[in-house]
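Enquirer: Mind having a look at this structure? Questions to follow.
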Amino acid sequence: MAKAIGKVSRVVGPLVEARILATAQMLELVYVGEQRLVGEIVKIDESSANIQVYEDTTGIKPDDPVYGSGMPLSVELGPGLLGTIYDGIQRPLEDIKNKSGAFIARGVESNPLNRTKKWFFKPTVAVGDYINGGAIIGEVQETSLVLHKVLLAPDISGTVTAVVEQGDYTVDSTVATVKTNSGVMEQIKLYHRWPVRINRPHKGKKELTVPLITGQRVIDTLFPIPKGGTVAVPGGFGTGKTMVQQALAKWCDADIIIFIGCGERGNEITDVLDEFPKLIDPRTDKPLMERTVIIANTSNMPVAAREASIYTGITMAEYYRDMGYNVAIMADSTSRWAEALRELSGRLEEMPADEGFPAYLPTRLAGFYERAGYVTNLANTEGSVTVIGSVSPPGGDFSEPVTQHTKRFVRAFWALDRQLANARHYPSISWINSYSEYVEEIAHWWETNVDADWFSLRNDIMDLLQQENKLQQVVKLVGPDVLPDSQRLVLETCTIFKNVFLQQNAFDKIDMYSLAEKQVKMLRIILAFHTGASAAIKKGSTLVKIKKLPVIHEIAKMKFNISNEELDKLDSLLKQVQMAFSELEKHYV
């Protein structure tokens, strides 16, 4: 129960200074004023504390009471998270809407997990079992897609002294009793709380060798990431960051999706809230929301809650990771989160660093991205958290502090290009400025499970793209006509590759998603065209004659005409390409 620990002495926007009359702790969750606005202590002096309040502080005045909770800002972790839309401090927006209308009233409270809904709980431990922190004590079918494994809190270990029989229980029901090593009897419920700023423990991280298959060809083939990896998606206004993240949420082969709309415009968040509940999971034909949690924090919501939202999201991600699931977390966008840090730092009168951001910005970014990884859990299962963070640099300037510091802590970088976006080339990921340091680590998986030549094929097309980039500089000066046919062929091959392979139509039923096998076969066909055309030019053919070959038209249409279930047609097309150039070469023997 919250008790009075002090009184307000000064209010500066979302920052409240209070005189402390009782013991208070750093990062303690507190309630300010008679409306009990939620806040968190971020600085303590001898007799005062600074509190960042997660709600509008209008009307708060000196001598208003401050109540302490005795615990840090935490989230409730248990069945019922999936399919729910929360704000930055884990208040369910649907419940708040029912209580306060279209706008969030100040001081409104709502339990993060439904207290009346009953879940069918099936215990997996028995009386007398000794269980360590993080152990699985039972199972609940949370949605038709996800079996929720009820976990013992990581900081509790001991002997099971009582356990209920399988049946229907609410999250508040005691389903087991554990006698801890210190002799305390702990009542175990279907949920537990965990501080958002503290990493959930695990036994150790593993090598990242299994790719996160997204179905987006430019990502999977050119700039792949593994399960447990980190990637930044920087891009200016209108370059398609949210589109990329929504495509990944729909198509990537993660088990659980956590989508954080952090400080984005209200209309973008509205699109997400409108579209996601209607999306169908392509693998199961069930609603995608059955394996998704959305955290919505628009730019007009209190700035302090924006700062907390990414911690709320990644703590939920770690929870499902501890069950043995692969989780993908989409943070859109970390720039808005950094701006919240800057505003709060300014109100705390801290010394600013680059562009006014606090000096600890790199540390906070590192702390967030370091919570990703593929780990062995305390329950001896394996799970992963993949972090995909978008960055919104002002004016598309990638040299600004948030983008530059983020690059230090991620190993993949999908730079969005405004020119590509303006040309309606989506995903607008630049093949010149993007990179992935994971390629060699996951190459073995591709070569073992998909195609033994994947690594060499990828290197060949990347070499061609680099050649094309250099040739384009010459073309801008003197035009393409001065180039020999061998160099003009490089331009032609890369044009085909960009239009047929890299550009993907999210509204086309065939092209919206490509299996890994289809991607490699398409890449092989394009490179077979280049190899055959190069040989024909050396024998005396011209690029003009090559471009008139009927098979070129078939290559251009293959992404729309050949579905993931018709991969044998791609094999036939490859033979057609090879035969076409064999016939062409005969004329020059």
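We label chains A, B, ... in the order they appear in the structure tokens, count residues from 1 in each chain, and number ligands from 1 in the order shown.
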Near segment 67-79 of chain A, within 8 Å and counting only C-alpha atoms, which residues show up once chain neighbours fewer than 6 positions away are dropped, as a PyMOL selection string?
Expert: chain A and resi 1-6+24-25+27-32+36+40+89-90+112-113+119+140+142+148+150+171+190-197+312+315-316+319
Enquirer: Go through segment 188-237 of chain A residue by residue and, counting only C-alpha atoms, keep those with an atom at most 12 Å from segment 501-508 of chain A; for each kept residue give the shortest atom pair and its distance in Å to one decimal, ordered by chain and increasing number, as JSON lines.
Expert:
```
{"residue": "A:Gly215", "atom": "CA", "partner": "A:Gln504", "partner_atom": "CA", "distance": 10.0}
{"residue": "A:Gln216", "atom": "CA", "partner": "A:Gln504", "partner_atom": "CA", "distance": 7.5}
{"residue": "A:Arg217", "atom": "CA", "partner": "A:Leu502", "partner_atom": "CA", "distance": 6.2}
{"residue": "A:Val218", "atom": "CA", "partner": "A:Leu502", "partner_atom": "CA", "distance": 5.2}
{"residue": "A:Ile219", "atom": "CA", "partner": "A:Leu502", "partner_atom": "CA", "distance": 8.9}
{"residue": "A:Asp220", "atom": "CA", "partner": "A:Leu502", "partner_atom": "CA", "distance": 10.6}
{"residue": "A:Thr221", "atom": "CA", "partner": "A:Leu502", "partner_atom": "CA", "distance": 9.5}
{"residue": "A:Leu222", "atom": "CA", "partner": "A:Leu502", "partner_atom": "CA", "distance": 9.3}
{"residue": "A:Phe223", "atom": "CA", "partner": "A:Leu502", "partner_atom": "CA", "distance": 11.5}
```
Enquirer: Keeping only all heavy atoms, take the residues you just selected and write them out as a short mmCIF file (atom, residue, chain, number, x, y, z; two decimals), in the first residue's frame.
Expert:
```cif
data_model
loop_
_atom_site.label_atom_id
_atom_site.label_comp_id
_atom_site.auth_asym_id
_atom_site.auth_seq_id
_atom_site.Cartn_x
_atom_site.Cartn_y
_atom_site.Cartn_z
N GLY A 215 11.12 -12.55 -45.45
CA GLY A 215 10.39 -12.58 -46.71
C GLY A 215 10.63 -11.36 -47.57
O GLY A 215 10.12 -11.26 -48.68
N GLN A 216 11.42 -10.39 -47.05
CA GLN A 216 11.79 -9.20 -47.82
C GLN A 216 13.16 -9.46 -48.43
O GLN A 216 14.15 -9.59 -47.72
CB GLN A 216 11.82 -7.96 -46.92
CG GLN A 216 10.55 -7.76 -46.09
CD GLN A 216 9.29 -7.69 -46.93
OE1 GLN A 216 9.14 -6.83 -47.78
NE2 GLN A 216 8.36 -8.62 -46.70
N ARG A 217 13.23 -9.50 -49.76
CA ARG A 217 14.44 -9.99 -50.44
C ARG A 217 15.67 -9.12 -50.17
O ARG A 217 16.77 -9.65 -49.98
CB ARG A 217 14.16 -10.08 -51.95
CG ARG A 217 13.13 -11.12 -52.33
CD ARG A 217 12.97 -11.24 -53.82
NE ARG A 217 12.37 -10.08 -54.43
CZ ARG A 217 11.07 -9.94 -54.68
NH1 ARG A 217 10.23 -10.90 -54.35
NH2 ARG A 217 10.60 -8.85 -55.25
N VAL A 218 15.49 -7.80 -50.14
CA VAL A 218 16.64 -6.93 -49.92
C VAL A 218 17.25 -7.18 -48.54
O VAL A 218 18.46 -7.06 -48.34
CB VAL A 218 16.25 -5.44 -50.08
CG1 VAL A 218 15.24 -5.01 -49.03
CG2 VAL A 218 17.48 -4.54 -50.02
N ILE A 219 16.41 -7.58 -47.58
CA ILE A 219 16.91 -7.85 -46.23
C ILE A 219 17.52 -9.25 -46.15
O ILE A 219 18.68 -9.41 -45.76
CB ILE A 219 15.77 -7.69 -45.20
CG1 ILE A 219 15.32 -6.22 -45.13
CG2 ILE A 219 16.20 -8.18 -43.82
CD1 ILE A 219 14.09 -5.99 -44.28
N ASP A 220 16.75 -10.26 -46.51
CA ASP A 220 17.21 -11.65 -46.32
C ASP A 220 18.46 -11.96 -47.13
O ASP A 220 19.34 -12.70 -46.69
CB ASP A 220 16.10 -12.62 -46.70
CG ASP A 220 14.94 -12.58 -45.72
OD1 ASP A 220 15.12 -12.04 -44.62
OD2 ASP A 220 13.85 -13.09 -46.05
N THR A 221 18.55 -11.42 -48.34
CA THR A 221 19.66 -11.77 -49.23
C THR A 221 20.85 -10.84 -49.08
O THR A 221 21.99 -11.29 -49.02
CB THR A 221 19.18 -11.79 -50.69
OG1 THR A 221 18.15 -12.77 -50.84
CG2 THR A 221 20.32 -12.13 -51.64
N LEU A 222 20.59 -9.54 -49.02
CA LEU A 222 21.72 -8.60 -48.99
C LEU A 222 22.15 -8.22 -47.58
O LEU A 222 23.34 -8.17 -47.28
CB LEU A 222 21.36 -7.33 -49.77
CG LEU A 222 21.11 -7.48 -51.27
CD1 LEU A 222 21.06 -6.10 -51.92
CD2 LEU A 222 22.17 -8.34 -51.94
N PHE A 223 21.19 -7.93 -46.69
CA PHE A 223 21.54 -7.41 -45.37
C PHE A 223 20.79 -8.18 -44.28
O PHE A 223 19.97 -7.62 -43.54
CB PHE A 223 21.22 -5.92 -45.29
CG PHE A 223 21.75 -5.13 -46.45
CD1 PHE A 223 20.89 -4.57 -47.39
CD2 PHE A 223 23.12 -4.98 -46.61
CE1 PHE A 223 21.39 -3.87 -48.47
CE2 PHE A 223 23.63 -4.27 -47.70
CZ PHE A 223 22.76 -3.72 -48.63
#
```
Enquirer: Would you list the contacts of segment 556-568 of chain A as JSON, numbers by chain, taking every protein, DNA or RNA residue within 9 Å and counting only C-alpha atoms, but skipping same-chain residues closer than 2 positions in sequence?
Expert: {"A": [496, 499, 500, 501, 504, 508, 509, 510, 511, 513, 514, 515, 517, 518, 521, 522, 551, 552, 553, 554, 570, 571, 572, 573]}
Enquirer: Taking only C-alpha atoms into account, name the residue in A:Cys262, A:Glu46, A:Asn326, A:Gln35 that is nearest to Leu21 of chain A.
Expert: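 Of A:Cys262, A:Glu46, A:Asn326, A:Gln35, the one nearest Leu21 of chain A, counting only C-alpha atoms, is A:Glu46.
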Enquirer: Need the shell around Lys179 of chain A: protein/DNA/RNA residues with any atom at most 7 Å away, counting only C-alpha atoms. Skip same-chain ones fewer than 3 positions apart. Format as an NGL selection string?
Expert: :A and (158-161 or 183-186)
Enquirer: Near Phe413 of chain A, counting only C-alpha atoms, which residues have an atom at most 9 Å away, once you skip same-chain residues fewer than 4 positions from it, shown as number ranges by chain?
Expert: A: 223, 230-234, 407, 433-437
Enquirer: What does the file look like for those residues with all heavy atoms, as an mmCIF file, in the first residue's frame?
Expert:
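Saved file part-v2.cif follows:
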```cif
data_model
loop_
_atom_site.group_PDB
_atom_site.id
_atom_site.type_symbol
_atom_site.label_atom_id
_atom_site.label_comp_id
_atom_site.auth_asym_id
_atom_site.auth_seq_id
_atom_site.Cartn_x
_atom_site.Cartn_y
_atom_site.Cartn_z
ATOM 1 N N PHE A 223 21.194 -7.928 -46.694
ATOM 2 C CA PHE A 223 21.537 -7.412 -45.367
ATOM 3 C C PHE A 223 20.794 -8.183 -44.279
ATOM 4 O O PHE A 223 19.968 -7.619 -43.544
ATOM 5 C CB PHE A 223 21.216 -5.916 -45.288
ATOM 6 C CG PHE A 223 21.752 -5.132 -46.450
ATOM 7 C CD1 PHE A 223 20.895 -4.574 -47.393
ATOM 8 C CD2 PHE A 223 23.119 -4.979 -46.615
ATOM 9 C CE1 PHE A 223 21.390 -3.868 -48.467
ATOM 10 C CE2 PHE A 223 23.629 -4.274 -47.703
ATOM 11 C CZ PHE A 223 22.763 -3.716 -48.634
ATOM 12 N N THR A 230 20.678 -7.241 -33.702
ATOM 13 C CA THR A 230 20.219 -5.851 -33.554
ATOM 14 C C THR A 230 20.398 -5.140 -34.888
ATOM 15 O O THR A 230 21.377 -5.368 -35.599
ATOM 16 C CB THR A 230 21.027 -5.115 -32.480
ATOM 17 O OG1 THR A 230 22.431 -5.240 -32.772
ATOM 18 C CG2 THR A 230 20.753 -5.672 -31.095
ATOM 19 N N VAL A 231 19.460 -4.270 -35.216
ATOM 20 C CA VAL A 231 19.556 -3.522 -36.472
ATOM 21 C C VAL A 231 18.942 -2.143 -36.276
ATOM 22 O O VAL A 231 17.975 -1.980 -35.533
ATOM 23 C CB VAL A 231 18.839 -4.282 -37.618
ATOM 24 C CG1 VAL A 231 17.370 -4.503 -37.307
ATOM 25 C CG2 VAL A 231 18.976 -3.544 -38.944
ATOM 26 N N ALA A 232 19.547 -1.158 -36.917
ATOM 27 C CA ALA A 232 18.996 0.193 -36.935
ATOM 28 C C ALA A 232 18.423 0.465 -38.316
ATOM 29 O O ALA A 232 19.000 0.059 -39.332
ATOM 30 C CB ALA A 232 20.085 1.217 -36.614
ATOM 31 N N VAL A 233 17.266 1.157 -38.347
ATOM 32 C CA VAL A 233 16.612 1.500 -39.618
ATOM 33 C C VAL A 233 16.455 3.020 -39.652
ATOM 34 O O VAL A 233 15.409 3.546 -39.271
ATOM 35 C CB VAL A 233 15.235 0.814 -39.747
ATOM 36 C CG1 VAL A 233 14.694 0.968 -41.160
ATOM 37 C CG2 VAL A 233 15.311 -0.650 -39.365
ATOM 38 N N PRO A 234 17.499 3.750 -40.083
ATOM 39 C CA PRO A 234 17.396 5.205 -40.110
ATOM 40 C C PRO A 234 16.799 5.706 -41.415
ATOM 41 O O PRO A 234 16.994 5.115 -42.481
ATOM 42 C CB PRO A 234 18.859 5.644 -39.975
ATOM 43 C CG PRO A 234 19.613 4.554 -40.671
ATOM 44 C CD PRO A 234 18.835 3.278 -40.470
ATOM 45 N N LYS A 407 24.786 3.340 -34.386
ATOM 46 C CA LYS A 407 25.658 2.521 -35.251
ATOM 47 C C LYS A 407 26.754 1.820 -34.454
ATOM 48 O O LYS A 407 27.232 0.755 -34.854
ATOM 49 C CB LYS A 407 26.299 3.402 -36.333
ATOM 50 C CG LYS A 407 25.344 3.806 -37.438
ATOM 51 C CD LYS A 407 26.023 4.668 -38.479
ATOM 52 C CE LYS A 407 26.933 3.863 -39.386
ATOM 53 N NZ LYS A 407 27.448 4.686 -40.513
ATOM 54 N N ASN A 433 24.531 2.253 -48.889
ATOM 55 C CA ASN A 433 24.838 2.734 -47.540
ATOM 56 C C ASN A 433 24.502 1.735 -46.435
ATOM 57 O O ASN A 433 24.840 1.956 -45.280
ATOM 58 C CB ASN A 433 24.070 4.038 -47.277
ATOM 59 C CG ASN A 433 24.458 5.133 -48.234
ATOM 60 O OD1 ASN A 433 25.629 5.269 -48.594
ATOM 61 N ND2 ASN A 433 23.482 5.917 -48.694
ATOM 62 N N SER A 434 23.805 0.658 -46.760
ATOM 63 C CA SER A 434 23.431 -0.331 -45.740
ATOM 64 C C SER A 434 24.504 -1.400 -45.608
ATOM 65 O O SER A 434 25.330 -1.588 -46.499
ATOM 66 C CB SER A 434 22.087 -0.979 -46.115
ATOM 67 O OG SER A 434 21.070 -0.015 -46.259
ATOM 68 N N TYR A 435 24.472 -2.104 -44.486
ATOM 69 C CA TYR A 435 25.409 -3.214 -44.285
ATOM 70 C C TYR A 435 24.870 -4.164 -43.225
ATOM 71 O O TYR A 435 23.969 -3.834 -42.451
ATOM 72 C CB TYR A 435 26.800 -2.709 -43.867
ATOM 73 C CG TYR A 435 26.836 -1.968 -42.554
ATOM 74 C CD1 TYR A 435 26.936 -2.651 -41.335
ATOM 75 C CD2 TYR A 435 26.778 -0.574 -42.510
ATOM 76 C CE1 TYR A 435 26.963 -1.987 -40.126
ATOM 77 C CE2 TYR A 435 26.805 0.103 -41.301
ATOM 78 C CZ TYR A 435 26.891 -0.602 -40.114
ATOM 79 O OH TYR A 435 26.920 0.058 -38.914
ATOM 80 N N SER A 436 25.425 -5.367 -43.200
ATOM 81 C CA SER A 436 25.145 -6.337 -42.145
ATOM 82 C C SER A 436 26.441 -7.071 -41.824
ATOM 83 O O SER A 436 27.093 -7.605 -42.721
ATOM 84 C CB SER A 436 24.075 -7.346 -42.581
ATOM 85 O OG SER A 436 23.952 -8.374 -41.611
ATOM 86 N N GLU A 437 26.789 -7.066 -40.549
ATOM 87 C CA GLU A 437 28.004 -7.765 -40.118
ATOM 88 C C GLU A 437 27.722 -9.221 -39.753
ATOM 89 O O GLU A 437 28.604 -9.924 -39.272
ATOM 90 C CB GLU A 437 28.612 -7.043 -38.914
ATOM 91 C CG GLU A 437 29.074 -5.620 -39.233
ATOM 92 C CD GLU A 437 29.586 -4.889 -38.003
ATOM 93 O OE1 GLU A 437 29.564 -5.492 -36.904
ATOM 94 O OE2 GLU A 437 29.993 -3.716 -38.133
#
```
Enquirer: Separation of atom CA of Trp445 of chain A and atom CA of Arg458 of chain A, in Å?
Expert: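 Between atom CA of Trp445 of chain A and atom CA of Arg458 of chain A the gap works out to 14.2 Å.
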Enquirer: Could you please determine the separation between atom CA of Leu416 of chain A and atom CA of Gly240 of chain A in Å, to one decimal place?
Expert: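 Those two atoms sit 7.5 Å apart.
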Enquirer: Considering only alpha helix (DSSP H) as DSSP defines it on the backbone, what residues of segment 220-378 of chain A qualify? List them as a PyMOL selection string.
Expert: chain A and resi 241-251+266-275+303-322+334-347+361-369
Enquirer: What lies within 6 Å of Gly133 of chain A using only C-alpha atoms, ignoring chain neighbours under 5 positions off, as a tab-separated table (two decimals) with C-alpha atoms, in the first residue's frame?
Expert:
```
chain	number	residue	atom	x	y	z
A	152	LEU	CA	8.57	-18.53	-11.42
A	153	ALA	CA	10.03	-15.06	-10.81
A	154	PRO	CA	13.82	-15.14	-11.43
A	155	ASP	CA	14.58	-13.96	-7.87
A	156	ILE	CA	12.71	-16.82	-6.14
A	157	SER	CA	14.06	-20.37	-5.62
```
Enquirer: So, counting only C-alpha atoms, which residue among A:Ile329, A:Leu543, A:Ile225, A:Leu341 is closest to Thr209 of chain A?
Expert: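 Once distances to Thr209 of chain A are computed over only C-alpha atoms, the minimum belongs to A:Ile225.
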Enquirer: Taking the chain letters and numbering used in this document, name the residues of segment 95-340 of chain A that DSSP puts in strand (DSSP E or B), as a PyMOL selection string.
Expert: chain A and resi 119-123+130-131+136-141+147-151+158-163+167-169+174-180+185-189+192-195+204-205+211+226+230-234+256-264+280+287+292-298+326-332
Enquirer: Which residue, A:Arg408, A:Lys122, A:His444, A:Arg291, has the smallest gap to Gly138 of chain A when you use only C-alpha atoms?
Expert: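 Result for the nearest residue to Gly138 of chain A: A:Lys122.
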Enquirer: Pick from A:Ala528, A:Val327, A:Ser534, A:Asn199: nearest to Met579 of chain A, with only C-alpha atoms counted?
Expert: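 The closest residue to Met579 of chain A is A:Ala528.
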Enquirer: Would you mind listing what lies within 10 Å of Glu109 of chain A as a ChimeraX atom specification, with only C-alpha atoms counted and same-chain residues fewer than 6 positions away left out?
Expert: /A:36-38,91-92,95-96,99
Enquirer: Given the choices A:Gln519, A:Ser333, A:Gln141, A:Thr177, which gets closest to Phe237 of chain A if the distance is worked out from only C-alpha atoms?
Expert: A:Ser333
